>>> print(open('work30.csv').read())   # CSV, C-alpha atoms
chain,number,residue,atom,x,y,z
A,25,MET,CA,-78.3,56.1,-16.9
A,26,ASN,CA,-75.2,55.4,-14.9
A,27,LYS,CA,-76.8,52.5,-13.1
A,28,SER,CA,-77.8,50.9,-16.3
A,29,TYR,CA,-74.1,50.7,-17.2
A,30,ILE,CA,-73.3,49.1,-13.9
A,31,SER,CA,-76.1,46.5,-14.5
A,32,LEU,CA,-74.6,45.9,-18.0
A,33,LEU,CA,-71.2,45.4,-16.4
A,34,LEU,CA,-72.5,42.9,-13.8
A,35,LEU,CA,-74.2,41.0,-16.6
A,36,ALA,CA,-71.2,41.1,-18.8
A,37,LEU,CA,-68.6,40.1,-16.2
A,38,PRO,CA,-69.3,36.4,-15.9
A,39,PHE,CA,-69.5,36.2,-19.7
A,40,GLY,CA,-66.3,38.1,-20.0
A,41,ILE,CA,-64.5,35.9,-17.5
A,42,ILE,CA,-65.5,32.7,-19.4
A,43,ASN,CA,-64.6,34.3,-22.7
A,44,ALA,CA,-61.2,35.5,-21.4
A,45,GLN,CA,-60.1,31.9,-21.2
A,46,GLN,CA,-60.6,31.6,-24.9
A,47,SER,CA,-59.7,35.0,-26.1
A,48,LYS,CA,-57.8,38.0,-25.3
A,49,THR,CA,-58.1,40.7,-22.8
A,50,ASN,CA,-57.2,44.4,-23.0
A,51,GLN,CA,-55.1,45.5,-20.1
A,52,PHE,CA,-53.7,49.0,-20.2
A,53,ALA,CA,-52.4,51.9,-18.1
A,54,ASP,CA,-53.6,55.3,-19.1
A,55,LEU,CA,-52.8,58.9,-18.3
A,56,SER,CA,-55.3,61.6,-19.3
A,57,VAL,CA,-55.2,65.4,-18.8
A,58,ASN,CA,-58.4,67.4,-19.1
A,59,ALA,CA,-59.2,71.1,-18.7
A,60,GLY,CA,-62.1,73.4,-18.6
A,61,LYS,CA,-62.6,77.0,-17.4
A,62,SER,CA,-60.4,77.6,-14.4
A,63,GLN,CA,-60.3,73.9,-13.5
A,64,GLY,CA,-58.7,70.7,-14.7
A,65,THR,CA,-57.9,67.1,-13.9
A,66,ALA,CA,-55.2,64.6,-14.5
A,67,ALA,CA,-55.9,60.9,-14.1
A,68,LEU,CA,-53.8,57.8,-14.0
A,69,SER,CA,-55.6,54.5,-14.3
A,70,TYR,CA,-55.1,50.8,-14.8
A,71,VAL,CA,-57.8,48.9,-16.6
A,72,TYR,CA,-58.5,45.2,-17.1
A,73,ASN,CA,-61.1,44.7,-19.8
A,74,TRP,CA,-62.4,41.4,-21.2
A,75,LYS,CA,-63.3,41.3,-24.9
A,76,LEU,CA,-66.8,40.2,-25.5
A,77,GLY,CA,-69.0,39.0,-28.3
A,78,LYS,CA,-68.4,36.7,-31.2
A,79,LYS,CA,-66.3,39.3,-33.1
A,80,LYS,CA,-64.7,40.6,-29.9
A,81,LYS,CA,-65.7,44.1,-30.7
A,82,TRP,CA,-67.1,44.8,-27.2
A,83,GLU,CA,-65.1,45.0,-24.1
A,84,ALA,CA,-65.9,45.6,-20.4
A,85,GLY,CA,-64.0,45.5,-17.2
A,86,LEU,CA,-62.9,47.1,-14.1
A,87,GLY,CA,-60.1,49.6,-13.3
A,88,LEU,CA,-58.5,51.6,-10.6
A,89,ARG,CA,-58.2,55.3,-11.2
A,90,LEU,CA,-56.2,58.0,-9.4
A,91,THR,CA,-57.6,61.5,-10.3
A,92,GLY,CA,-56.3,64.9,-9.3
A,93,TYR,CA,-58.6,67.8,-9.6
A,94,ALA,CA,-57.7,71.5,-9.1
A,95,GLY,CA,-59.4,74.7,-9.8
A,96,THR,CA,-59.8,78.4,-8.9
A,97,LYS,CA,-63.0,80.0,-7.6
A,98,ARG,CA,-65.4,77.3,-8.6
A,99,ASP,CA,-69.1,77.3,-7.7
A,100,PHE,CA,-70.4,74.3,-5.9
A,101,THR,CA,-74.2,74.0,-5.5
A,102,THR,CA,-76.4,72.3,-3.0
A,103,ALA,CA,-75.6,68.6,-3.3
A,104,PRO,CA,-78.3,66.3,-1.7
A,105,GLY,CA,-80.5,64.8,-4.4
A,106,ARG,CA,-83.7,65.4,-2.5
A,107,LEU,CA,-83.0,69.2,-2.6
A,108,ALA,CA,-81.3,69.4,-6.0
A,109,ARG,CA,-83.8,67.5,-8.1
A,110,SER,CA,-87.5,66.8,-8.3
A,111,THR,CA,-87.1,63.1,-7.6
A,112,THR,CA,-84.5,60.9,-6.0
A,113,ILE,CA,-85.5,57.7,-7.9
A,114,PRO,CA,-82.3,56.0,-9.2
A,115,PHE,CA,-81.9,56.5,-13.0
A,116,VAL,CA,-84.8,58.9,-13.1
A,117,ILE,CA,-83.0,61.5,-11.1
A,118,VAL,CA,-80.5,61.9,-14.0
A,119,PHE,CA,-83.3,63.4,-16.1
A,120,ALA,CA,-85.4,64.9,-13.3
A,121,GLY,CA,-86.1,68.7,-13.1
A,122,GLN,CA,-83.6,70.9,-11.3
A,123,GLU,CA,-85.0,72.4,-8.1
A,124,THR,CA,-82.9,75.6,-8.4
A,125,GLN,CA,-85.0,77.4,-5.8
A,126,ASN,CA,-83.4,75.1,-3.2
A,127,TRP,CA,-79.8,75.7,-4.4
A,128,ASP,CA,-77.3,77.8,-2.6
A,129,THR,CA,-73.8,78.4,-3.9
A,130,LEU,CA,-70.5,77.7,-2.2
A,131,THR,CA,-67.6,79.3,-4.1
A,132,VAL,CA,-64.6,77.3,-3.2
A,133,GLN,CA,-61.5,79.5,-3.7
A,134,ARG,CA,-58.9,76.9,-4.4
A,135,PRO,CA,-60.4,73.4,-4.7
A,136,LEU,CA,-57.9,70.6,-4.8
A,137,VAL,CA,-58.9,67.0,-4.6
A,138,GLY,CA,-57.2,63.7,-5.0
A,139,LEU,CA,-59.4,60.7,-5.5
A,140,LEU,CA,-58.8,57.0,-5.8
A,141,ASN,CA,-61.8,55.1,-7.2
A,142,LEU,CA,-62.7,51.7,-8.6
A,143,SER,CA,-64.0,52.2,-12.1
A,144,ALA,CA,-66.2,50.4,-14.6
A,145,ASN,CA,-64.9,50.5,-18.2
A,146,PHE,CA,-66.6,49.8,-21.6
A,147,GLY,CA,-65.5,49.9,-25.2
A,148,TYR,CA,-66.5,49.1,-28.7
A,149,ALA,CA,-64.1,48.7,-31.6
A,150,LEU,CA,-65.2,50.6,-34.7
A,151,SER,CA,-62.3,49.2,-36.7
A,152,SER,CA,-58.8,47.8,-36.1
A,153,ASN,CA,-57.5,51.2,-35.1
A,154,TRP,CA,-60.5,53.2,-33.8
A,155,SER,CA,-62.7,52.5,-30.9
A,156,LEU,CA,-65.2,54.3,-28.6
A,157,GLY,CA,-65.4,54.0,-24.9
A,158,PHE,CA,-67.0,55.0,-21.7
A,159,ASN,CA,-65.8,54.7,-18.1
A,160,ILE,CA,-67.2,55.8,-14.7
A,161,ASP,CA,-66.0,55.7,-11.1
A,162,LEU,CA,-67.9,53.4,-8.8
A,163,ILE,CA,-66.6,53.7,-5.3
A,164,GLY,CA,-63.5,55.0,-3.5
A,165,PHE,CA,-62.2,57.8,-1.4
A,166,SER,CA,-60.9,61.4,-1.7
A,167,VAL,CA,-58.3,63.5,0.1
A,168,GLY,CA,-57.6,67.2,-0.3
A,169,ARG,CA,-56.7,70.3,1.5
A,170,LYS,CA,-59.1,72.7,3.3
A,171,SER,CA,-59.9,75.8,1.4
A,172,SER,CA,-61.7,79.0,2.2
A,173,ALA,CA,-65.1,79.3,0.5
A,174,ILE,CA,-68.0,81.8,0.3
A,175,LEU,CA,-71.5,80.6,0.8
A,176,THR,CA,-74.0,82.7,-1.0
A,177,SER,CA,-77.5,82.1,0.4
A,178,ASN,CA,-80.4,84.2,-0.7
A,179,GLY,CA,-78.1,87.1,-1.4
A,180,VAL,CA,-76.3,86.9,1.9
A,181,THR,CA,-72.7,86.0,1.8
A,182,ARG,CA,-70.8,84.2,4.6
A,183,ASN,CA,-67.2,83.0,4.8
A,184,GLU,CA,-66.4,79.3,5.3
A,185,PRO,CA,-62.7,79.0,6.0
A,186,LEU,CA,-62.7,75.3,6.4
A,187,ALA,CA,-64.4,73.7,3.4
A,188,LYS,CA,-62.9,70.3,2.5
A,189,PRO,CA,-63.5,67.5,0.1
A,190,ALA,CA,-66.0,64.8,1.0
A,191,VAL,CA,-64.0,61.7,1.8
A,192,PHE,CA,-66.3,58.8,0.7
A,193,ASN,CA,-67.2,58.4,-3.0
A,194,LEU,CA,-70.0,56.2,-4.3
A,195,LEU,CA,-71.9,56.1,-7.6
A,196,LEU,CA,-75.7,56.1,-6.9
A,197,THR,CA,-76.7,57.8,-10.2
A,198,GLY,CA,-77.1,61.5,-10.8
A,199,ASP,CA,-77.4,63.8,-7.8
A,200,ASN,CA,-77.8,60.8,-5.5
A,201,ASP,CA,-74.0,60.3,-5.9
A,202,LEU,CA,-71.8,60.8,-2.9
A,203,GLY,CA,-68.3,62.5,-3.1
A,204,SER,CA,-66.2,63.0,-6.1
A,205,LEU,CA,-66.5,60.8,-9.2
A,206,ASN,CA,-64.9,60.9,-12.6
A,207,SER,CA,-66.4,59.6,-15.9
A,208,GLU,CA,-65.2,59.8,-19.5
A,209,PHE,CA,-66.5,59.3,-23.0
A,210,PHE,CA,-63.6,58.9,-25.4
A,211,LEU,CA,-62.5,58.1,-28.9
A,212,ARG,CA,-59.4,56.0,-29.1
A,213,TYR,CA,-56.9,55.6,-31.9
A,214,LYS,CA,-54.3,52.9,-31.8
A,215,LEU,CA,-50.8,54.1,-32.8
A,216,SER,CA,-49.2,50.7,-32.4
A,217,PRO,CA,-50.0,47.4,-30.7
A,218,GLN,CA,-48.8,48.9,-27.4
A,219,TRP,CA,-49.7,52.6,-27.6
A,220,SER,CA,-52.9,54.4,-28.2
A,221,ILE,CA,-54.2,58.0,-27.7
A,222,ARG,CA,-57.6,59.2,-26.7
A,223,ALA,CA,-59.7,62.3,-27.3
A,224,VAL,CA,-61.7,62.6,-24.1
A,225,TYR,CA,-64.9,64.3,-22.9
A,226,GLN,CA,-64.9,64.2,-19.1
A,227,PHE,CA,-67.8,64.7,-16.8
A,228,TYR,CA,-66.5,65.2,-13.3
A,229,PHE,CA,-68.3,65.5,-10.0
A,230,ALA,CA,-66.5,67.1,-7.1
A,231,GLU,CA,-68.1,67.5,-3.6
A,232,TYR,CA,-67.0,69.8,-0.8
A,233,LYS,CA,-68.4,69.9,2.7
A,234,THR,CA,-68.6,72.9,4.9
A,235,ASN,CA,-67.7,73.0,8.6
A,236,THR,CA,-68.7,76.3,10.2
A,237,VAL,CA,-71.3,77.6,7.8
A,238,LEU,CA,-74.3,75.6,6.7
A,239,GLN,CA,-77.2,76.2,4.4
A,240,THR,CA,-80.6,76.2,5.9
A,241,ALA,CA,-82.7,74.3,3.4
A,242,PRO,CA,-86.3,75.3,2.7
A,243,ASP,CA,-87.4,72.1,4.6
A,244,GLY,CA,-85.5,73.3,7.6
A,245,THR,CA,-82.6,70.9,7.4
A,246,MET,CA,-79.0,72.0,7.5
A,247,VAL,CA,-76.9,71.3,4.5
A,248,ASP,CA,-73.1,70.9,4.4
A,249,ARG,CA,-72.7,69.2,1.0
A,250,PHE,CA,-72.1,71.1,-2.2
A,251,ARG,CA,-71.3,69.8,-5.6
A,252,ASN,CA,-69.5,71.0,-8.7
A,253,LYS,CA,-70.2,69.4,-12.0
A,254,ALA,CA,-67.4,70.0,-14.5
A,255,ASN,CA,-67.4,69.4,-18.2
A,256,LEU,CA,-63.8,69.0,-19.3
A,257,PHE,CA,-62.1,68.1,-22.5
A,258,GLY,CA,-58.6,66.6,-22.9
A,259,LEU,CA,-56.3,63.9,-24.2
A,260,GLY,CA,-55.2,60.5,-22.9
A,261,ILE,CA,-52.4,58.2,-23.7
A,262,SER,CA,-52.5,54.5,-23.0
A,263,TYR,CA,-49.9,51.7,-22.8
A,264,HIS,CA,-51.3,48.2,-23.6
A,265,PHE,CA,-49.7,45.3,-21.8
A,266,ASN,CA,-51.0,42.6,-24.1
A,267,LYS,CA,-50.8,42.7,-27.8
A,268,PRO,CA,-54.4,42.6,-29.1
B,22,MET,CA,-47.6,56.2,-4.2
B,23,LYS,CA,-47.1,59.6,-2.7
B,24,ARG,CA,-44.9,60.7,-5.6
B,25,VAL,CA,-47.5,59.5,-8.1
B,26,PHE,CA,-50.2,61.5,-6.2
B,27,TYR,CA,-48.2,64.7,-6.3
B,28,PHE,CA,-47.4,64.1,-10.0
B,29,ILE,CA,-51.1,63.8,-10.8
B,30,ILE,CA,-51.9,66.9,-8.7
B,31,SER,CA,-49.1,68.9,-10.4
B,32,ILE,CA,-50.5,68.1,-13.8
B,33,ALA,CA,-54.0,68.9,-12.7
B,34,LEU,CA,-52.8,72.3,-11.4
B,35,VAL,CA,-51.1,73.1,-14.7
B,36,SER,CA,-54.1,72.0,-16.7
B,37,ALA,CA,-56.4,74.1,-14.5
B,38,SER,CA,-54.7,77.1,-16.2
B,39,CYS,CA,-54.4,78.8,-12.8
B,40,ASN,CA,-55.1,82.4,-12.9
B,41,LYS,CA,-52.1,84.6,-12.3
B,42,GLN,CA,-52.0,86.1,-8.9
B,43,ASN,CA,-54.5,88.7,-10.1
B,44,GLN,CA,-53.5,91.8,-8.2
B,45,ALA,CA,-55.4,95.0,-8.0
B,46,PRO,CA,-54.5,97.9,-10.3
B,47,GLU,CA,-52.1,100.5,-8.8
B,48,THR,CA,-53.2,103.5,-10.9
B,49,ARG,CA,-54.2,106.3,-8.6
B,50,LEU,CA,-57.9,107.0,-8.8
B,51,ASP,CA,-59.8,110.2,-7.9
B,52,GLU,CA,-63.5,109.3,-7.6
B,53,LYS,CA,-65.3,111.6,-5.3
B,54,VAL,CA,-68.8,111.9,-3.9
B,55,ASP,CA,-70.6,115.1,-4.8
B,56,THR,CA,-71.2,116.7,-1.4
B,57,ALA,CA,-72.3,120.0,-2.7
B,58,GLY,CA,-75.8,121.1,-1.7
B,59,ASN,CA,-76.4,118.3,0.7
B,60,ALA,CA,-76.6,115.8,-2.2
B,61,ALA,CA,-74.6,113.3,-0.1
B,62,LEU,CA,-74.8,113.0,3.6
B,63,LEU,CA,-71.9,111.5,5.5
B,64,GLN,CA,-73.3,108.8,7.8
B,65,TYR,CA,-70.4,106.7,9.0
B,66,ALA,CA,-66.6,107.0,8.9
B,67,GLY,CA,-63.5,105.2,10.1
B,68,ARG,CA,-59.8,105.0,9.5
B,69,PHE,CA,-58.1,101.9,8.2
B,70,VAL,CA,-55.7,99.9,10.3
B,71,ASN,CA,-53.4,97.2,9.0
B,72,GLY,CA,-54.6,93.6,8.8
B,73,PRO,CA,-52.4,90.5,9.6
B,74,TYR,CA,-51.5,90.0,5.9
B,75,GLY,CA,-51.2,93.5,4.5
B,76,SER,CA,-51.3,97.2,5.2
B,77,ALA,CA,-54.0,99.8,4.6
B,78,MET,CA,-54.0,103.5,5.2
B,79,GLY,CA,-56.6,106.2,4.6
B,80,SER,CA,-60.3,106.2,5.6
B,81,ALA,CA,-63.6,104.7,4.7
B,82,LYS,CA,-66.8,106.7,4.6
B,83,ILE,CA,-70.4,105.8,4.0
B,84,TYR,CA,-72.5,108.4,2.3
B,85,GLN,CA,-76.3,108.4,1.9
B,86,LEU,CA,-77.6,109.8,-1.4
B,87,GLY,CA,-81.4,110.3,-1.3
B,88,ASN,CA,-83.4,107.9,0.7
B,89,THR,CA,-82.2,104.5,-0.4
B,90,ARG,CA,-78.8,104.9,-2.1
B,91,PHE,CA,-75.6,104.4,-0.1
B,92,ILE,CA,-72.0,104.6,-1.3
B,93,LEU,CA,-68.8,103.5,0.4
B,94,ALA,CA,-66.0,106.0,-0.3
B,95,LEU,CA,-62.4,105.0,0.2
B,96,ASP,CA,-60.5,108.3,0.8
B,97,SER,CA,-56.8,108.7,0.1
B,98,VAL,CA,-56.1,105.1,0.6
B,99,SER,CA,-52.8,103.3,0.2
B,100,ILE,CA,-53.1,99.6,0.3
B,101,SER,CA,-50.4,96.9,-0.1
B,102,ASN,CA,-51.2,94.9,-3.2
B,103,GLY,CA,-52.2,91.3,-3.2
B,104,PRO,CA,-54.2,88.7,-5.1
B,105,ASP,CA,-57.9,88.9,-5.5
B,106,LEU,CA,-58.5,91.9,-3.2
B,107,HIS,CA,-62.1,92.7,-2.5
B,108,VAL,CA,-63.9,95.5,-0.5
B,109,TYR,CA,-66.3,94.1,2.1
B,110,LEU,CA,-68.8,95.6,4.5
B,111,SER,CA,-68.6,93.1,7.3
B,112,LYS,CA,-70.2,92.3,10.6
B,113,GLU,CA,-66.8,91.1,11.9
B,114,VAL,CA,-63.2,92.2,11.5
B,115,GLN,CA,-62.4,88.7,10.3
B,116,PRO,CA,-65.2,88.4,7.8
B,117,LEU,CA,-67.8,85.7,8.5
B,118,ASN,CA,-71.0,87.6,7.5
B,119,PHE,CA,-70.3,90.3,4.9
B,120,ILE,CA,-71.4,92.1,1.8
B,121,ASP,CA,-69.0,91.9,-1.1
B,122,LEU,CA,-68.8,95.3,-2.8
B,123,GLY,CA,-66.6,94.1,-5.5
B,124,ARG,CA,-62.9,93.9,-6.4
B,125,LEU,CA,-60.7,96.7,-5.2
B,126,LYS,CA,-60.4,99.2,-8.0
B,127,SER,CA,-57.0,100.4,-7.1
B,128,THR,CA,-54.5,100.3,-4.3
B,129,ASN,CA,-54.2,104.1,-4.3
B,130,GLY,CA,-56.4,107.2,-4.2
B,131,ASN,CA,-60.1,107.9,-3.9
B,132,GLN,CA,-62.7,105.4,-5.0
B,133,LEU,CA,-66.4,104.8,-4.7
B,134,TYR,CA,-68.4,101.5,-4.2
B,135,GLU,CA,-72.2,101.2,-4.5
B,136,ILE,CA,-73.8,99.5,-1.6
B,137,SER,CA,-76.7,97.4,-2.8
B,138,GLY,CA,-79.8,97.0,-0.7
B,139,MET,CA,-80.3,98.7,2.6
B,140,PRO,CA,-77.9,96.9,5.0
B,141,ASP,CA,-78.1,97.5,8.7
B,142,PHE,CA,-75.0,99.6,9.2
B,143,SER,CA,-75.1,99.1,12.9
B,144,ALA,CA,-74.5,95.4,12.2
B,145,TYR,CA,-72.2,95.8,9.1
B,146,LYS,CA,-69.8,98.1,11.0
B,147,TYR,CA,-66.5,97.3,9.3
B,148,ALA,CA,-65.1,98.2,5.9
B,149,LEU,CA,-62.5,95.6,5.0
B,150,ILE,CA,-59.9,95.1,2.3
B,151,HIS,CA,-59.8,91.3,2.0
B,152,CYS,CA,-57.9,88.8,-0.2
B,153,GLN,CA,-60.8,86.5,-1.1
B,154,GLN,CA,-58.9,83.7,-2.7
B,155,TYR,CA,-56.6,83.1,0.3
B,156,ASN,CA,-59.0,84.4,3.0
B,157,HIS,CA,-56.4,87.0,4.2
B,158,LEU,CA,-57.3,90.3,5.8
B,159,PHE,CA,-55.3,93.3,4.5
B,160,GLY,CA,-56.9,96.1,6.4
B,161,SER,CA,-60.0,97.1,8.3
B,162,ALA,CA,-61.9,100.3,9.3
B,163,ALA,CA,-64.4,100.4,12.1
B,164,LEU,CA,-67.3,102.6,10.9
B,165,LYS,CA,-68.8,105.0,13.4
B,166,LYS,CA,-71.4,107.8,13.2
>>> encode(input="work30.csv", output="structure tokens")
Amino acid sequence: MNKSYISLLLLALPFGIINAQQSKTNQFADLSVNAGKSQGTAALSYVYNWKLGKKKKWEAGLGLRLTGYAGTKRDFTTAPGRLARSTTIPFVIVFAGQETQNWDTLTVQRPLVGLLNLSANFGYALSSNWSLGFNIDLIGFSVGRKSSAILTSNGVTRNEPLAKPAVFNLLLTGDNDLGSLNSEFFLRYKLSPQWSIRAVYQFYFAEYKTNTVLQTAPDGTMVDRFRNKANLFGLGISYHFNKP
Amino acid sequence: MKRVFYFIISIALVSASCNKQNQAPETRLDEKVDTAGNAALLQYAGRFVNGPYGSAMGSAKIYQLGNTRFILALDSVSISNGPDLHVYLSKEVQPLNFIDLGRLKSTNGNQLYEISGMPDFSAYKYALIHCQQYNHLFGSAALKK
């Protein structure tokens, strides 16, 4: 599903650039704060969207997003797509069956990740004040502190004192993804030409890697990548640089 | 850029609704194994010594009840309080391979912990009081026959 959005963006961009010469763009800075059970994020982003279509109801563009993620005692499960899902075919993997018998759990005691990613952004204006939107991180990098963690593997628990965030982030759809990626569905309400607020549902991937303790997968390979998928809800506020 | 990063992280930390430094209860407990009539056999025992991040006094004992049931008894313990304290049976003093018996019920008194499965006590030879969240050892007892 994620890849279909990228394809849409790639198709839309040339059209958007041509259109931008005739019409307006939507450039804005946004701050959003989202929280779930024992975890949360805050994200600061800059987005440059081109308005598309005859009525300019659609918009698409790129952005740069800085996300901070923190939590307490979060469970990360086996990350590689070939172990986590029944297929690794792009797109299909999103809906593929979960191979839970291959999963081990890494409980990271105090996860803390900062990530800077390029993002794809899409929107549709429902009316002059209301709009819907979606955005997703494409590529970037993460930094974060080491944290102790506990790997639970077939009922055996082992300590991993040096778990750390995966550095490289890349959208490859579903469990093929690498690293930490942020995505949001949102409903926006325009307060004024410059300011708008958003109600946000956030789907956040965080990936940690182990150093001293590895999972022995059923196929005999050693696994050091573990992923946490967080469903978060929150609010955002945007400042628009150009009057629509 | 650095300030922005720390600002974002700070907001994330607040929104993560961090648990309080969830310390163990300090109410004195008096849980005891019924040793009358050979119902429980003492198999291993050891005295706690302080860890690098806390103090622990008292003793740890493993009792066998019947053929397959084992219990870890902490006798007359006094443990300095800390966040997220757990009781481990571990192969090492600094836990790498361990069995988590659960959160410490209290920092004082007598308390019992069920040991699930049939671990090899010659390998899991340490009882530990361990702060799980920060990976800090508060106390250890070497268990011997």
>>> interface_residues(input="work30.csv", of="chain A", to="chain B", cutoff="6 Å", atoms="all atoms listed in the file", output="VMD selection string")
chain A and resid 59 62 to 66 92 to 95 133 181 to 183
>>> closest_residue(input="work30.csv", among="A:Glu208, A:Asp199, A:Asp161, A:Glu123", to="Ala241 of chain A", atoms="all atoms listed in the file")
A:Glu123
>>> residues_around(input="work30.csv", residues="Leu107 of chain A", least_positions_apart="3", cutoff="10 Å", atoms="only C-alpha atoms", output="list in words")
Thr102, Ala103, Pro104, Ser110, Thr111, Thr112, Gln122, Glu123, Thr124, Gln125, Asn126, Trp127, Asp199, Ala241, Pro242, Asp243 and Val247 of chain A
>>> atom_distance(input="work30.csv", atom1="atom CA of Thr129 of chain A", atom2="atom CA of Phe192 of chain A")
21.5 Å
>>> closest_residue(input="work30.csv", among="A:Arg89, A:Arg169, A:Lys233, A:Lys79", to="Leu136 of chain A", atoms="all atoms listed in the file")
A:Arg169
>>> closest_residue(input="work30.csv", among="A:Asn206, A:Asn178, A:Ser172, A:Ser152", to="Gly138 of chain A", atoms="all atoms listed in the file")
A:Asn206
>>> atom_distance(input="work30.csv", atom1="atom CA of Phe119 of chain A", atom2="atom CA of Leu195 of chain A")
16.0 Å
>>> residues_near_point(input="work30.csv", point="(-75.5, 106.3, 4.3)", cutoff="10 Å", atoms="only C-alpha atoms", output="list in words")
Ala61, Leu62, Leu63, Gln64, Tyr65, Lys82, Ile83, Tyr84, Gln85, Leu86, Gly87, Asn88, Thr89, Arg90, Phe91, Ile92, Leu93, Ile136, Met139, Pro140, Phe142 and Lys166 of chain B
>>> closest_residue(input="work30.csv", among="A:Phe165, A:Phe209, A:Phe265, A:Tyr228", to="Gln51 of chain A", atoms="all atoms listed in the file")
A:Phe265
>>> build_atoms(input="work30.csv", residues="segment 56-70 of chain B", atoms="N, CA and C atoms", output="PDB file, in the coordinates of the input")
ATOM      1  N   THR B  56     -70.596 116.260  -2.645  1.00  0.00           N
ATOM      2  CA  THR B  56     -71.200 116.700  -1.400  1.00  0.00           C
ATOM      3  C   THR B  56     -71.757 118.072  -1.382  1.00  0.00           C
ATOM      4  N   ALA B  57     -71.738 118.687  -2.560  1.00  0.00           N
ATOM      5  CA  ALA B  57     -72.300 120.000  -2.700  1.00  0.00           C
ATOM      6  C   ALA B  57     -73.800 120.027  -2.513  1.00  0.00           C
ATOM      7  N   GLY B  58     -74.336 120.949  -1.808  1.00  0.00           N
ATOM      8  CA  GLY B  58     -75.800 121.100  -1.700  1.00  0.00           C
ATOM      9  C   GLY B  58     -76.470 119.970  -0.982  1.00  0.00           C
ATOM     10  N   ASN B  59     -75.800 119.358  -0.036  1.00  0.00           N
ATOM     11  CA  ASN B  59     -76.400 118.300   0.700  1.00  0.00           C
ATOM     12  C   ASN B  59     -76.840 117.075  -0.121  1.00  0.00           C
ATOM     13  N   ALA B  60     -76.219 116.953  -1.311  1.00  0.00           N
ATOM     14  CA  ALA B  60     -76.600 115.800  -2.200  1.00  0.00           C
ATOM     15  C   ALA B  60     -76.196 114.508  -1.525  1.00  0.00           C
ATOM     16  N   ALA B  61     -75.106 114.526  -0.794  1.00  0.00           N
ATOM     17  CA  ALA B  61     -74.600 113.300  -0.100  1.00  0.00           C
ATOM     18  C   ALA B  61     -74.398 113.619   1.350  1.00  0.00           C
ATOM     19  N   LEU B  62     -74.948 112.773   2.203  1.00  0.00           N
ATOM     20  CA  LEU B  62     -74.800 113.000   3.600  1.00  0.00           C
ATOM     21  C   LEU B  62     -73.826 111.927   4.202  1.00  0.00           C
ATOM     22  N   LEU B  63     -72.796 112.394   4.889  1.00  0.00           N
ATOM     23  CA  LEU B  63     -71.900 111.500   5.500  1.00  0.00           C
ATOM     24  C   LEU B  63     -72.546 110.816   6.722  1.00  0.00           C
ATOM     25  N   GLN B  64     -72.618 109.488   6.725  1.00  0.00           N
ATOM     26  CA  GLN B  64     -73.300 108.800   7.800  1.00  0.00           C
ATOM     27  C   GLN B  64     -72.329 108.081   8.756  1.00  0.00           C
ATOM     28  N   TYR B  65     -71.328 107.413   8.192  1.00  0.00           N
ATOM     29  CA  TYR B  65     -70.400 106.700   9.000  1.00  0.00           C
ATOM     30  C   TYR B  65     -68.973 106.888   8.460  1.00  0.00           C
ATOM     31  N   ALA B  66     -67.987 106.810   9.324  1.00  0.00           N
ATOM     32  CA  ALA B  66     -66.600 107.000   8.900  1.00  0.00           C
ATOM     33  C   ALA B  66     -65.655 106.234   9.811  1.00  0.00           C
ATOM     34  N   GLY B  67     -64.514 105.863   9.282  1.00  0.00           N
ATOM     35  CA  GLY B  67     -63.500 105.200  10.100  1.00  0.00           C
ATOM     36  C   GLY B  67     -62.173 105.175   9.376  1.00  0.00           C
ATOM     37  N   ARG B  68     -61.098 105.026  10.130  1.00  0.00           N
ATOM     38  CA  ARG B  68     -59.800 105.000   9.500  1.00  0.00           C
ATOM     39  C   ARG B  68     -59.276 103.540   9.432  1.00  0.00           C
ATOM     40  N   PHE B  69     -58.592 103.248   8.350  1.00  0.00           N
ATOM     41  CA  PHE B  69     -58.100 101.900   8.200  1.00  0.00           C
ATOM     42  C   PHE B  69     -56.892 101.618   9.092  1.00  0.00           C
ATOM     43  N   VAL B  70     -56.871 100.410   9.578  1.00  0.00           N
ATOM     44  CA  VAL B  70     -55.700  99.900  10.300  1.00  0.00           C
ATOM     45  C   VAL B  70     -55.223  98.644   9.558  1.00  0.00           C
TER      46      VAL B  70
END
